[in-house]
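Printed here is coords-v1.txt (compact mmCIF, C-alpha atoms):
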# COMPACT_ATOMS: atom_id res chain seq x y z
CA MET Z 1 -21.04 118.71 121.89
CA THR Z 2 -20.45 120.44 118.54
CA PRO Z 3 -20.61 124.00 119.99
CA VAL Z 4 -18.07 123.01 122.65
CA VAL Z 5 -15.65 121.59 120.08
CA ILE Z 6 -15.96 124.59 117.75
CA GLY Z 7 -15.76 127.08 120.63
CA ALA Z 8 -12.69 125.42 122.15
CA PHE Z 9 -10.93 125.39 118.78
CA PHE Z 10 -11.48 129.09 118.11
CA VAL Z 11 -10.56 130.14 121.65
CA PHE Z 12 -7.21 128.36 121.60
CA ALA Z 13 -6.47 129.24 117.98
CA LEU Z 14 -7.08 132.93 118.68
CA LEU Z 15 -4.81 132.69 121.73
CA GLY Z 16 -2.00 131.74 119.37
CA MET Z 17 -1.83 127.98 119.89
CA PRO Z 18 -0.66 126.11 116.75
CA ILE Z 19 -3.67 125.04 114.70
CA ALA Z 20 -2.96 121.30 115.01
CA PHE Z 21 -2.84 121.46 118.79
CA ALA Z 22 -5.88 123.75 118.95
CA ILE Z 23 -7.78 121.06 117.06
CA GLY Z 24 -6.40 118.45 119.49
CA VAL Z 25 -7.53 120.40 122.55
CA ALA Z 26 -10.96 120.86 120.96
CA ALA Z 27 -11.13 117.09 120.37
CA VAL Z 28 -10.30 116.41 124.04
CA ALA Z 29 -12.97 118.91 125.12
CA GLY Z 30 -15.52 117.14 122.92
CA LEU Z 31 -14.61 113.74 124.36
CA LEU Z 32 -14.93 115.04 127.93
CA VAL Z 33 -18.31 116.64 127.27
CA SER Z 34 -19.63 113.49 125.63
CA ASP Z 35 -18.38 111.28 128.50
CA MET Z 36 -16.29 109.20 126.13
CA GLN Z 37 -13.02 107.58 127.18
CA LEU Z 38 -9.90 109.56 126.32
CA GLN Z 39 -8.33 106.48 124.79
CA THR Z 40 -10.70 107.12 121.88
CA LEU Z 41 -8.41 110.03 121.00
CA ALA Z 42 -5.41 107.75 120.47
CA GLN Z 43 -7.46 105.11 118.68
CA ARG Z 44 -8.92 107.53 116.16
CA MET Z 45 -5.58 109.26 115.60
CA VAL Z 46 -3.79 106.01 114.83
CA HIS Z 47 -6.65 104.80 112.64
CA SER Z 48 -6.68 108.00 110.57
CA THR Z 49 -2.94 108.09 109.94
CA ASN Z 50 -2.49 104.37 109.30
CA VAL Z 51 -3.40 104.91 105.65
CA PHE Z 52 -1.00 103.92 102.87
CA PRO Z 53 -1.84 106.81 100.46
CA LEU Z 54 -0.75 109.30 103.15
CA LEU Z 55 2.84 108.29 102.44
CA ALA Z 56 2.58 110.29 99.21
CA ILE Z 57 2.63 113.56 101.17
CA PRO Z 58 6.07 113.25 102.87
CA LEU Z 59 7.51 111.64 99.74
CA PHE Z 60 6.39 114.47 97.43
CA MET Z 61 7.64 117.01 99.98
CA LEU Z 62 11.01 115.22 100.12
CA ALA Z 63 11.19 115.15 96.31
CA GLY Z 64 10.59 118.90 96.21
CA GLU Z 65 13.25 119.58 98.84
CA ILE Z 66 15.77 117.44 96.95
CA MET Z 67 15.02 119.11 93.60
CA ILE Z 68 15.38 122.58 95.06
CA ALA Z 69 18.62 121.72 96.89
CA GLY Z 70 19.90 120.07 93.72
CA GLY Z 71 20.08 123.34 91.78
CA VAL Z 72 16.82 122.94 89.87
CA MET Z 73 15.74 126.48 90.73
CA VAL Z 74 18.67 128.03 88.85
CA ARG Z 75 17.89 126.15 85.65
CA LEU Z 76 14.19 126.93 85.84
CA VAL Z 77 14.91 130.64 86.28
CA GLN Z 78 17.34 130.64 83.36
CA PHE Z 79 14.78 128.91 81.15
CA ALA Z 80 12.02 131.32 82.18
CA ASN Z 81 14.33 134.26 81.57
CA SER Z 82 15.04 133.03 78.03
CA VAL Z 83 11.28 133.09 77.33
CA VAL Z 84 9.87 136.21 79.02
CA GLY Z 85 12.83 138.06 80.49
CA SER Z 86 12.98 140.71 77.78
CA VAL Z 87 9.54 142.31 78.30
CA ARG Z 88 8.88 145.26 80.58
CA GLY Z 89 8.87 144.00 84.15
CA GLY Z 90 10.58 140.88 82.80
CA LEU Z 91 11.88 139.69 86.17
CA ALA Z 92 8.33 139.62 87.52
CA HIS Z 93 7.25 137.50 84.55
CA VAL Z 94 10.26 135.25 85.08
CA THR Z 95 9.15 134.82 88.69
CA VAL Z 96 5.63 133.76 87.68
CA VAL Z 97 6.86 131.30 85.05
CA SER Z 98 9.45 129.94 87.48
CA GLY Z 99 6.72 129.52 90.11
CA MET Z 100 4.60 127.55 87.65
CA LEU Z 101 7.52 125.32 86.66
CA LEU Z 102 8.62 124.87 90.26
CA GLY Z 103 5.06 123.98 91.23
CA SER Z 104 5.31 120.95 88.96
CA VAL Z 105 8.24 119.82 91.11
CA SER Z 106 7.56 120.89 94.70
CA GLY Z 107 3.74 120.69 94.98
CA ALA Z 108 3.76 122.99 98.02
CA ALA Z 109 3.46 126.77 98.28
CA VAL Z 110 5.77 127.37 101.24
CA ALA Z 111 8.62 125.35 99.71
CA SER Z 112 8.18 127.22 96.42
CA ALA Z 113 8.16 130.57 98.24
CA SER Z 114 11.43 129.76 99.99
CA ALA Z 115 13.11 128.64 96.77
CA LEU Z 116 11.82 131.54 94.67
CA GLY Z 117 12.60 134.02 97.41
CA SER Z 118 16.19 132.94 97.87
CA ALA Z 119 16.83 132.85 94.11
CA LEU Z 120 14.95 135.94 92.90
CA VAL Z 121 14.22 138.41 95.69
CA PRO Z 122 17.68 140.08 95.63
CA SER Z 123 17.40 140.84 91.90
CA LEU Z 124 13.73 141.78 92.14
CA ARG Z 125 14.41 144.23 94.99
CA LYS Z 126 17.01 146.10 92.92
CA SER Z 127 14.60 146.60 90.01
CA TYR Z 128 11.16 146.86 91.62
CA GLY Z 129 11.53 147.48 95.36
CA PRO Z 130 10.99 145.09 98.30
CA GLN Z 131 7.19 145.23 98.59
CA PHE Z 132 6.33 144.38 94.99
CA SER Z 133 9.10 141.77 94.92
CA ALA Z 134 7.66 139.98 97.94
CA SER Z 135 4.12 140.10 96.56
CA VAL Z 136 4.99 138.65 93.14
CA VAL Z 137 7.10 135.88 94.70
CA GLY Z 138 4.32 134.95 97.12
CA ALA Z 139 1.69 134.96 94.38
CA SER Z 140 3.91 132.83 92.11
CA ALA Z 141 4.56 130.34 94.91
CA ASN Z 142 0.80 129.95 95.26
CA LEU Z 143 0.82 128.08 91.95
CA GLY Z 144 2.53 125.17 93.72
CA PRO Z 145 -0.61 123.56 95.17
CA ILE Z 146 -2.53 123.95 91.87
CA ILE Z 147 0.00 122.65 89.33
CA PRO Z 148 0.32 118.85 89.81
CA PRO Z 149 1.63 117.06 91.76
CA SER Z 150 -0.04 118.85 94.67
CA SER Z 151 0.09 117.98 98.37
CA ALA Z 152 -3.10 119.98 98.95
CA MET Z 153 -5.00 117.88 96.41
CA ILE Z 154 -3.75 114.68 98.04
CA VAL Z 155 -5.04 115.83 101.44
CA TYR Z 156 -8.41 116.87 100.00
CA ALA Z 157 -8.88 113.61 98.06
CA LEU Z 158 -8.09 111.52 101.15
CA MET Z 159 -10.48 113.54 103.32
CA ALA Z 160 -13.31 113.68 100.77
CA GLY Z 161 -13.41 109.91 100.38
CA PRO Z 162 -13.82 107.80 97.23
CA SER Z 163 -15.89 110.38 95.36
CA VAL Z 164 -12.78 111.92 93.75
CA SER Z 165 -9.37 110.45 92.96
CA ILE Z 166 -5.98 112.04 93.44
CA GLY Z 167 -5.09 111.51 89.78
CA ALA Z 168 -8.27 113.22 88.61
CA LEU Z 169 -7.59 116.24 90.82
CA PHE Z 170 -4.03 116.43 89.51
CA ILE Z 171 -5.27 116.56 85.92
CA ALA Z 172 -8.02 119.04 86.81
CA GLY Z 173 -5.38 121.50 88.02
CA ILE Z 174 -3.37 121.69 84.78
CA VAL Z 175 -5.53 124.02 82.66
CA PRO Z 176 -6.65 126.32 85.54
CA GLY Z 177 -3.04 126.43 86.75
CA ILE Z 178 -1.88 127.71 83.38
CA ILE Z 179 -4.75 130.22 83.27
CA LEU Z 180 -3.81 131.36 86.78
CA ALA Z 181 -0.21 131.93 85.70
CA VAL Z 182 -1.37 133.91 82.65
CA ALA Z 183 -3.68 136.02 84.84
CA MET Z 184 -0.80 136.88 87.16
CA MET Z 185 1.47 137.72 84.21
CA ILE Z 186 -1.21 140.08 82.90
CA THR Z 187 -1.32 141.64 86.36
CA CYS Z 188 2.48 142.03 86.27
CA SER Z 189 2.27 143.65 82.82
CA ILE Z 190 -0.31 146.19 83.97
CA ILE Z 191 1.66 147.09 87.09
CA ALA Z 192 4.92 147.28 85.10
CA LYS Z 193 3.34 149.66 82.58
CA VAL Z 194 1.76 151.86 85.24
CA ARG Z 195 4.97 152.08 87.30
CA ASN Z 196 7.27 152.15 84.24
CA PHE Z 197 9.38 149.23 85.38
CA PRO Z 198 12.65 148.77 83.43
CA LYS Z 199 13.41 146.07 80.90
CA THR Z 200 16.02 143.90 82.57
CA GLY Z 201 16.47 140.92 80.22
CA GLU Z 202 18.01 140.30 76.82
CA PRO Z 203 15.81 140.17 73.69
CA PHE Z 204 14.37 136.75 72.91
CA GLN Z 205 16.81 134.53 71.02
CA LEU Z 206 15.74 131.17 69.68
CA GLY Z 207 19.19 129.70 70.17
CA VAL Z 208 19.30 130.68 73.84
CA PHE Z 209 15.78 129.36 74.35
CA LEU Z 210 16.62 125.98 72.78
CA ARG Z 211 19.82 125.74 74.82
CA GLU Z 212 17.99 126.37 78.09
CA LEU Z 213 15.20 124.01 77.06
CA ARG Z 214 17.75 121.28 76.44
CA ARG Z 215 19.41 121.91 79.83
CA SER Z 216 16.05 121.83 81.65
CA PHE Z 217 14.36 119.08 79.65
CA VAL Z 218 15.12 116.32 82.14
CA ILE Z 219 13.62 118.46 84.92
CA PHE Z 220 10.43 119.06 82.93
CA MET Z 221 10.10 115.30 82.45
CA MET Z 222 9.66 114.66 86.17
CA PRO Z 223 5.98 115.72 86.39
CA VAL Z 224 5.35 114.02 83.04
CA VAL Z 225 6.71 110.73 84.36
CA VAL Z 226 5.10 110.95 87.78
CA VAL Z 227 1.68 112.37 86.88
CA GLY Z 228 1.57 110.44 83.61
CA GLY Z 229 2.26 107.19 85.43
CA ILE Z 230 -0.50 107.90 87.95
CA ILE Z 231 -2.98 108.76 85.21
CA GLY Z 232 -2.04 105.73 83.14
CA GLY Z 233 -2.48 103.40 86.09
CA VAL Z 234 1.17 102.31 85.97
CA PHE Z 235 1.57 103.11 89.66
CA THR Z 236 -0.40 104.58 92.56
CA PRO Z 237 0.08 108.16 93.81
CA THR Z 238 2.18 106.83 96.69
CA GLU Z 239 4.40 104.84 94.35
CA GLY Z 240 4.58 107.87 92.06
CA ALA Z 241 5.80 109.96 94.99
CA ALA Z 242 8.54 107.41 95.71
CA ILE Z 243 9.54 107.49 92.04
CA ALA Z 244 9.66 111.30 92.26
CA VAL Z 245 12.15 111.03 95.14
CA VAL Z 246 14.39 108.67 93.14
CA TYR Z 247 14.09 110.92 90.07
CA ALA Z 248 15.01 113.98 92.16
CA LEU Z 249 18.06 112.18 93.58
CA LEU Z 250 19.24 111.19 90.10
CA ILE Z 251 18.89 114.78 88.85
CA GLY Z 252 20.66 116.26 91.86
CA PHE Z 253 23.56 113.80 91.81
CA PHE Z 254 24.10 113.17 88.11
CA VAL Z 255 22.49 116.01 86.08
CA THR Z 256 22.99 119.26 87.98
CA ARG Z 257 25.64 117.64 90.23
CA GLU Z 258 24.90 120.16 92.98
CA LEU Z 259 23.39 117.70 95.47
CA LYS Z 260 25.81 116.23 98.01
CA VAL Z 261 25.36 113.24 100.27
CA ARG Z 262 25.97 115.50 103.27
CA ASP Z 263 22.86 117.51 102.26
CA LEU Z 264 20.49 114.54 102.62
CA PRO Z 265 20.05 114.51 106.45
CA ARG Z 266 19.07 118.19 106.38
CA LEU Z 267 16.59 117.61 103.54
CA PHE Z 268 15.12 114.55 105.26
CA PHE Z 269 14.69 116.56 108.44
CA ARG Z 270 12.96 119.47 106.69
CA ALA Z 271 10.59 117.16 104.83
CA ALA Z 272 9.87 115.28 108.06
CA VAL Z 273 9.05 118.47 109.99
CA THR Z 274 6.69 119.72 107.27
CA SER Z 275 5.04 116.32 106.94
CA SER Z 276 4.62 115.97 110.70
CA VAL Z 277 2.54 119.15 110.77
CA VAL Z 278 0.18 117.72 108.16
CA GLY Z 279 0.14 114.37 109.97
CA ALA Z 280 -0.76 115.99 113.28
CA LEU Z 281 -3.53 117.97 111.62
CA ILE Z 282 -4.98 114.83 110.05
CA ALA Z 283 -4.72 112.85 113.29
CA PHE Z 284 -6.35 115.44 115.55
CA ALA Z 285 -8.94 116.53 112.98
CA SER Z 286 -10.06 112.92 112.48
CA VAL Z 287 -11.19 112.89 116.12
CA VAL Z 288 -13.11 116.13 115.63
CA THR Z 289 -14.74 114.74 112.48
CA PHE Z 290 -15.65 111.58 114.40
CA LEU Z 291 -17.30 113.68 117.12
CA PHE Z 292 -19.18 115.73 114.52
CA THR Z 293 -20.48 112.52 112.97
CA LEU Z 294 -21.64 111.21 116.35
CA ASP Z 295 -23.42 114.51 116.91
CA LEU Z 296 -25.14 114.13 113.50
CA LEU Z 297 -23.60 117.39 112.29
CA PRO Z 298 -23.41 116.29 108.62
CA PHE Z 299 -27.11 115.38 108.69
CA ARG Z 300 -28.05 118.66 110.39
CA LEU Z 301 -25.91 120.64 107.98
CA ALA Z 302 -27.50 118.89 104.99
CA SER Z 303 -30.98 119.58 106.33
CA ALA Z 304 -30.18 123.23 107.00
CA MET Z 305 -28.71 123.73 103.54
CA ARG Z 306 -31.67 122.05 101.85
CA ASP Z 307 -34.09 124.18 103.87
CA PHE Z 308 -32.20 127.27 102.82
CA THR Z 309 -31.81 126.43 99.13
CA SER Z 310 -32.38 123.55 96.74
CA ASP Z 311 -30.37 125.18 93.96
CA PRO Z 312 -26.97 123.49 93.40
CA GLN Z 313 -25.39 126.72 92.12
CA MET Z 314 -26.54 128.62 95.20
CA PHE Z 315 -25.17 125.86 97.44
CA LEU Z 316 -21.84 125.98 95.64
CA PHE Z 317 -21.77 129.77 95.87
CA LEU Z 318 -22.45 129.69 99.63
CA VAL Z 319 -19.72 127.11 100.21
CA MET Z 320 -17.21 129.14 98.19
CA LEU Z 321 -18.17 132.29 100.10
CA MET Z 322 -17.69 130.46 103.39
CA LEU Z 323 -14.30 129.12 102.28
CA ILE Z 324 -13.11 132.65 101.46
CA VAL Z 325 -13.77 133.61 105.09
CA VAL Z 326 -12.31 130.34 106.40
CA GLY Z 327 -9.16 130.86 104.33
CA MET Z 328 -8.59 134.21 106.02
CA PHE Z 329 -8.41 132.68 109.49
CA ILE Z 330 -7.62 128.95 109.31
CA GLU Z 331 -4.57 127.20 107.87
CA SER Z 332 -5.52 125.50 104.60
CA ASN Z 333 -4.59 121.91 105.53
CA ALA Z 334 -6.69 122.17 108.68
CA ALA Z 335 -9.61 123.43 106.59
CA TYR Z 336 -9.32 120.52 104.10
CA ILE Z 337 -9.24 118.01 106.91
CA MET Z 338 -12.12 119.46 108.92
CA LEU Z 339 -14.46 120.63 106.16
CA ALA Z 340 -13.98 118.28 103.19
CA PRO Z 341 -15.66 115.31 104.95
CA LEU Z 342 -18.66 117.54 105.70
CA PHE Z 343 -19.17 119.29 102.37
CA ALA Z 344 -18.01 116.76 99.76
CA PRO Z 345 -20.99 114.42 100.41
CA LEU Z 346 -23.34 117.41 100.39
CA ALA Z 347 -22.05 118.47 96.98
CA ILE Z 348 -22.79 115.00 95.60
CA ALA Z 349 -26.29 115.13 97.13
CA TYR Z 350 -26.86 118.41 95.27
CA GLY Z 351 -25.77 116.78 92.02
CA ILE Z 352 -22.55 118.79 91.73
CA ASP Z 353 -19.65 117.06 89.98
CA PRO Z 354 -17.33 116.00 92.84
CA LEU Z 355 -14.22 116.78 90.78
CA HIS Z 356 -15.41 120.32 90.01
CA PHE Z 357 -16.36 120.86 93.63
CA GLY Z 358 -13.06 119.44 94.89
CA PHE Z 359 -10.96 121.63 92.64
CA LEU Z 360 -12.88 124.79 93.58
CA PHE Z 361 -12.54 123.81 97.24
CA VAL Z 362 -8.76 123.47 96.92
CA LEU Z 363 -8.28 126.62 94.81
CA ASN Z 364 -10.35 128.70 97.23
CA LEU Z 365 -8.28 127.66 100.23
CA VAL Z 366 -5.03 128.01 98.29
CA ILE Z 367 -5.94 131.64 97.63
CA GLY Z 368 -6.53 131.92 101.38
CA MET Z 369 -2.78 131.42 101.85
CA MET Z 370 -2.38 134.95 100.41
CA THR Z 371 -5.22 136.69 102.27
CA PRO Z 372 -4.80 138.44 105.63
CA PRO Z 373 -4.81 138.14 108.55
CA VAL Z 374 -3.54 134.52 108.66
CA GLY Z 375 -2.26 133.95 105.12
CA ILE Z 376 0.85 131.85 105.71
CA LEU Z 377 2.57 132.99 102.51
CA LEU Z 378 2.32 136.59 103.67
CA PHE Z 379 4.29 135.77 106.81
CA VAL Z 380 6.83 133.70 104.86
CA MET Z 381 7.47 136.55 102.43
CA CYS Z 382 7.65 139.12 105.21
CA GLY Z 383 10.36 137.00 106.81
CA ILE Z 384 12.29 136.56 103.57
CA SER Z 385 12.02 140.18 102.42
CA LYS Z 386 12.28 141.83 105.87
CA ILE Z 387 9.23 144.03 105.34
CA SER Z 388 6.10 144.69 107.38
CA LEU Z 389 2.87 142.78 106.87
CA ILE Z 390 0.90 145.98 106.21
CA SER Z 391 3.22 147.10 103.41
CA LEU Z 392 3.04 143.66 101.78
CA ILE Z 393 -0.77 143.55 101.94
CA LYS Z 394 -0.92 146.87 100.08
CA GLN Z 395 1.06 145.36 97.21
CA VAL Z 396 -0.37 141.85 97.07
CA TRP Z 397 -4.07 142.63 96.51
CA PRO Z 398 -3.88 142.82 92.66
CA PHE Z 399 -2.54 139.26 92.60
CA VAL Z 400 -5.22 138.09 95.03
CA LEU Z 401 -7.87 139.64 92.78
CA ALA Z 402 -6.34 137.88 89.76
CA GLN Z 403 -6.54 134.55 91.58
CA PHE Z 404 -10.14 135.14 92.64
CA SER Z 405 -10.96 136.03 89.01
CA VAL Z 406 -9.75 132.57 87.95
CA LEU Z 407 -11.79 131.01 90.76
CA ILE Z 408 -14.93 132.79 89.51
CA LEU Z 409 -14.15 131.73 85.93
CA CYS Z 410 -13.81 128.08 86.99
CA PHE Z 411 -17.02 128.41 89.02
CA PHE Z 412 -19.10 129.52 86.04
CA VAL Z 413 -17.29 127.48 83.37
CA PRO Z 414 -16.81 123.98 84.84
CA ASP Z 415 -15.38 122.65 81.58
CA ILE Z 416 -12.16 124.54 82.31
CA VAL Z 417 -11.68 122.13 85.20
CA LEU Z 418 -13.39 119.04 83.77
CA PHE Z 419 -12.39 119.02 80.09
CA LEU Z 420 -8.96 117.43 80.46
CA PRO Z 421 -9.95 114.82 83.08
CA ARG Z 422 -12.91 113.75 80.90
CA LEU Z 423 -10.66 113.59 77.87
CA LEU Z 424 -8.38 111.22 79.79
CA GLY Z 425 -11.24 109.02 80.95
CA TYR Z 426 -11.94 110.31 84.48

Show this structure as structure tokens.
Amino acid sequence: MTPVVIGAFFVFALLGMPIAFAIGVAAVAGLLVSDMQLQTLAQRMVHSTNVFPLLAIPLFMLAGEIMIAGGVMVRLVQFANSVVGSVRGGLAHVTVVSGMLLGSVSGAAVASASALGSALVPSLRKSYGPQFSASVVGASANLGPIIPPSSAMIVYALMAGPSVSIGALFIAGIVPGIILAVAMMITCSIIAKVRNFPKTGEPFQLGVFLRELRRSFVIFMMPVVVVGGIIGGVFTPTEGAAIAVVYALLIGFFVTRELKVRDLPRLFFRAAVTSSVVGALIAFASVVTFLFTLDLLPFRLASAMRDFTSDPQMFLFLVMLMLIVVGMFIESNAAYIMLAPLFAPLAIAYGIDPLHFGFLFVLNLVIGMMTPPVGILLFVMCGISKISLISLIKQVWPFVLAQFSVLILCFFVPDIVLFLPRLLGY
């Protein structure tokens, strides 16, 4: 049964069928081969999506849409420009810092790419050309799923089971997220020096910095309130997501005053469409996972891995290597949903810290959003910047290498990931 399911998925995915539906067709094929009733498909789909914590995903997505539509992006860019805009290649640095700050609001890479692209690509193109502009925006948007709150971490935590909590994953992403931003800024500095990019910003002025900090302070408090409340046990991740929506509405209506009531239906629709894709993936993939379990695939996989190696580091290395390949061909949410239930228990059996494993799992697949041939951020940026995929790939590889460097660092130095969660009692 397992070969049929896997084969059907790859055949239809390679034919261009959307990943969610390719998984659904593979699930139907598995049910037919195993002589199970097709009503099992509906039963498993409803069971997998009738989970209260899943509400956090559409709510966080809605909060991000509202914040972006409410003029948050402009204030974040102005604040970032007051900090790093005066250095060589300053607009690229502003983009990275803005991506990090926006990640603490949106939690999703595609939403961040759209916001950063619309706000910064025109100015970036004038100073640095279209290809580099698209690559730095895409790489900066990739900070969204790492800096908490993160939709990717919510999906992973729900799929991996009780071994790791959403709050712990959120906290685990803070330090590596900052390191990732620094690594990309170093990359920008090197490229700016080699290509002699111009200085486009004003010299640093403390007064300007304090003014922009004061204007953006209420925005910066959103992740503090939401993530802090989750960590402190004041509310659940789902309740925190609902609070984020209310917070975003208050900022848009009463702080920036750029959000209008007439904008809300459009924002609700966009958040619903994005959430429905994740929901369909979860629903269909739950059937595939159910079939894999019936076919004893987790047990067979565990036996095969133990026969191959008993070393936890080697197991972790092999999983990370596999995820690099998976990230090149499969959409990241689909990979979380299909693979986390299989590998998270194996990691625990090998004695690997589930939080360390979960973060590396997420970071690896997040990087996959920037790797060809199916990196979704590449296609988003090609659409925004009106350039070819080949020309973008030529420019984006230094940022991909910077991200993989952080992945390797977190692999060999687990305390980068685990220090803050342990400090806070996870």

When you look at region 262-270 of chain Z with a cut-off of 10 Å (counting all atoms listed in the file), what residues show up, excluding the ones that are within fewer than 4 positions of it in the same chain? I need them as a PyMOL selection string. chain Z and resi 58-59+61-66+68-70+249+258+274-276

Please identify all polymer residues within 8 Å of region 337-343 of chain Z, counting only C-alpha atoms, omitting same-chain residues fewer than 5 positions from it, and present them as a PDB file with C-alpha atoms, keeping the file's coordinate frame.
ATOM      1  CA  VAL Z 155      -5.040 115.830 101.440  1.00  0.00           C
ATOM      2  CA  TYR Z 156      -8.410 116.870 100.000  1.00  0.00           C
ATOM      3  CA  MET Z 159     -10.480 113.540 103.320  1.00  0.00           C
ATOM      4  CA  ALA Z 160     -13.310 113.680 100.770  1.00  0.00           C
ATOM      5  CA  GLY Z 161     -13.410 109.910 100.380  1.00  0.00           C
ATOM      6  CA  LEU Z 281      -3.530 117.970 111.620  1.00  0.00           C
ATOM      7  CA  ILE Z 282      -4.980 114.830 110.050  1.00  0.00           C
ATOM      8  CA  ALA Z 285      -8.940 116.530 112.980  1.00  0.00           C
ATOM      9  CA  SER Z 286     -10.060 112.920 112.480  1.00  0.00           C
ATOM     10  CA  VAL Z 288     -13.110 116.130 115.630  1.00  0.00           C
ATOM     11  CA  THR Z 289     -14.740 114.740 112.480  1.00  0.00           C
ATOM     12  CA  PRO Z 298     -23.410 116.290 108.620  1.00  0.00           C
TER      13      PRO Z 298
END

Just want the 6 Å neighbourhood of region 209-226 of chain Z, counted on only C-alpha atoms, with same-chain residues fewer than 2 positions away dropped. Output as a CSV table (one decimal) with C-alpha atoms, in the frame of the given file.
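Saved to around-v2.csv:
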chain,number,residue,atom,x,y,z
Z,79,PHE,CA,14.8,128.9,81.2
Z,82,SER,CA,15.0,133.0,78.0
Z,104,SER,CA,5.3,121.0,89.0
Z,206,LEU,CA,15.7,131.2,69.7
Z,207,GLY,CA,19.2,129.7,70.2
Z,228,GLY,CA,1.6,110.4,83.6
Z,229,GLY,CA,2.3,107.2,85.4
Z,240,GLY,CA,4.6,107.9,92.1

Each residue of region 55-134 of chain Z lying at most 12 Å from region 356-371 of chain Z should get a row with its shortest atom-to-atom pair and the distance in Å to one decimal, counting only C-alpha atoms; could you produce that, ordered by chain and increasing number, as JSON lines?
{"residue": "Z:Gly107", "atom": "CA", "partner": "Z:Val366", "partner_atom": "CA", "distance": 11.9}
{"residue": "Z:Ala108", "atom": "CA", "partner": "Z:Val366", "partner_atom": "CA", "distance": 10.1}
{"residue": "Z:Ala109", "atom": "CA", "partner": "Z:Met369", "partner_atom": "CA", "distance": 8.6}
{"residue": "Z:Val110", "atom": "CA", "partner": "Z:Met369", "partner_atom": "CA", "distance": 9.5}
{"residue": "Z:Ala113", "atom": "CA", "partner": "Z:Met369", "partner_atom": "CA", "distance": 11.6}
{"residue": "Z:Ala134", "atom": "CA", "partner": "Z:Met370", "partner_atom": "CA", "distance": 11.5}

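Shortest atom-to-atom contact with Cys382 (chain Z) among Z:Gly138, Z:Gly71, Z:Gly173, Z:Gly129: Z:Gly138, counting all atoms listed in the file.
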
Shell of 9 Å around Ala402 (chain Z), only C-alpha atoms, local chain residues under 4 positions omitted, as an NGL selection string: :Z and (180 or 183-184 or 186-187 or 397-398 or 406-407)

Show me, as a PyMOL selection string, the residues that have an atom within 10 Å of Leu38 (chain Z) when counting all atoms listed in the file, minus same-chain residues fewer than 4 positions from it. chain Z and resi 27-29+31-32+42-43

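Minimum atom-to-atom distances from Z:Val4, Z:Met67, Z:Ala22, Z:Leu54 to Thr256 (chain Z) were compared using only C-alpha atoms, and the lowest value belongs to Z:Met67.
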
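Residue nearest Gly144 (chain Z), chosen from Z:Leu294, Z:Leu321, Z:Ala115, Z:Ala304 and counting all atoms listed in the file: Z:Ala115.
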
Using only C-alpha atoms, find the one residue out of Z:Phe235, Z:Gln39, Z:Val208, Z:Ala172 that sits nearest to Pro414 (chain Z). Z:Ala172

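Among the candidates Z:Phe253, Z:Phe284, Z:Phe399, Z:Phe204, the residue lying nearest to Met45 (chain Z) is Z:Phe284 (atoms considered: all atoms listed in the file).
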
Atoms are missing here; could region 94-104 of chain Z be completed with N, CA and C atoms and written as an mmCIF file, keeping the file's coordinate frame?
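Listing of rebuild_4.cif after writing:
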data_model
loop_
_atom_site.group_PDB
_atom_site.id
_atom_site.type_symbol
_atom_site.label_atom_id
_atom_site.label_comp_id
_atom_site.auth_asym_id
_atom_site.auth_seq_id
_atom_site.Cartn_x
_atom_site.Cartn_y
_atom_site.Cartn_z
ATOM 1 N N VAL Z 94 9.385 136.402 84.840
ATOM 2 C CA VAL Z 94 10.260 135.250 85.080
ATOM 3 C C VAL Z 94 9.883 134.567 86.398
ATOM 4 N N THR Z 95 9.538 135.364 87.394
ATOM 5 C CA THR Z 95 9.150 134.820 88.690
ATOM 6 C C THR Z 95 7.882 133.983 88.583
ATOM 7 N N VAL Z 96 6.888 134.493 87.842
ATOM 8 C CA VAL Z 96 5.630 133.760 87.680
ATOM 9 C C VAL Z 96 5.865 132.445 86.935
ATOM 10 N N VAL Z 97 6.591 132.513 85.819
ATOM 11 C CA VAL Z 97 6.860 131.300 85.050
ATOM 12 C C VAL Z 97 7.678 130.311 85.875
ATOM 13 N N SER Z 98 8.658 130.807 86.617
ATOM 14 C CA SER Z 98 9.450 129.940 87.480
ATOM 15 C C SER Z 98 8.590 129.300 88.559
ATOM 16 N N GLY Z 99 7.637 130.075 89.103
ATOM 17 C CA GLY Z 99 6.720 129.520 90.110
ATOM 18 C C GLY Z 99 5.865 128.412 89.531
ATOM 19 N N MET Z 100 5.410 128.590 88.301
ATOM 20 C CA MET Z 100 4.600 127.550 87.650
ATOM 21 C C MET Z 100 5.436 126.296 87.414
ATOM 22 N N LEU Z 101 6.654 126.466 86.923
ATOM 23 C CA LEU Z 101 7.520 125.320 86.660
ATOM 24 C C LEU Z 101 7.938 124.633 87.967
ATOM 25 N N LEU Z 102 8.239 125.441 88.981
ATOM 26 C CA LEU Z 102 8.620 124.870 90.260
ATOM 27 C C LEU Z 102 7.458 124.147 90.921
ATOM 28 N N GLY Z 103 6.233 124.643 90.682
ATOM 29 C CA GLY Z 103 5.060 123.980 91.230
ATOM 30 C C GLY Z 103 4.910 122.553 90.733
ATOM 31 N N SER Z 104 5.383 122.295 89.506
ATOM 32 C CA SER Z 104 5.310 120.950 88.960
ATOM 33 C C SER Z 104 6.353 120.031 89.581
#
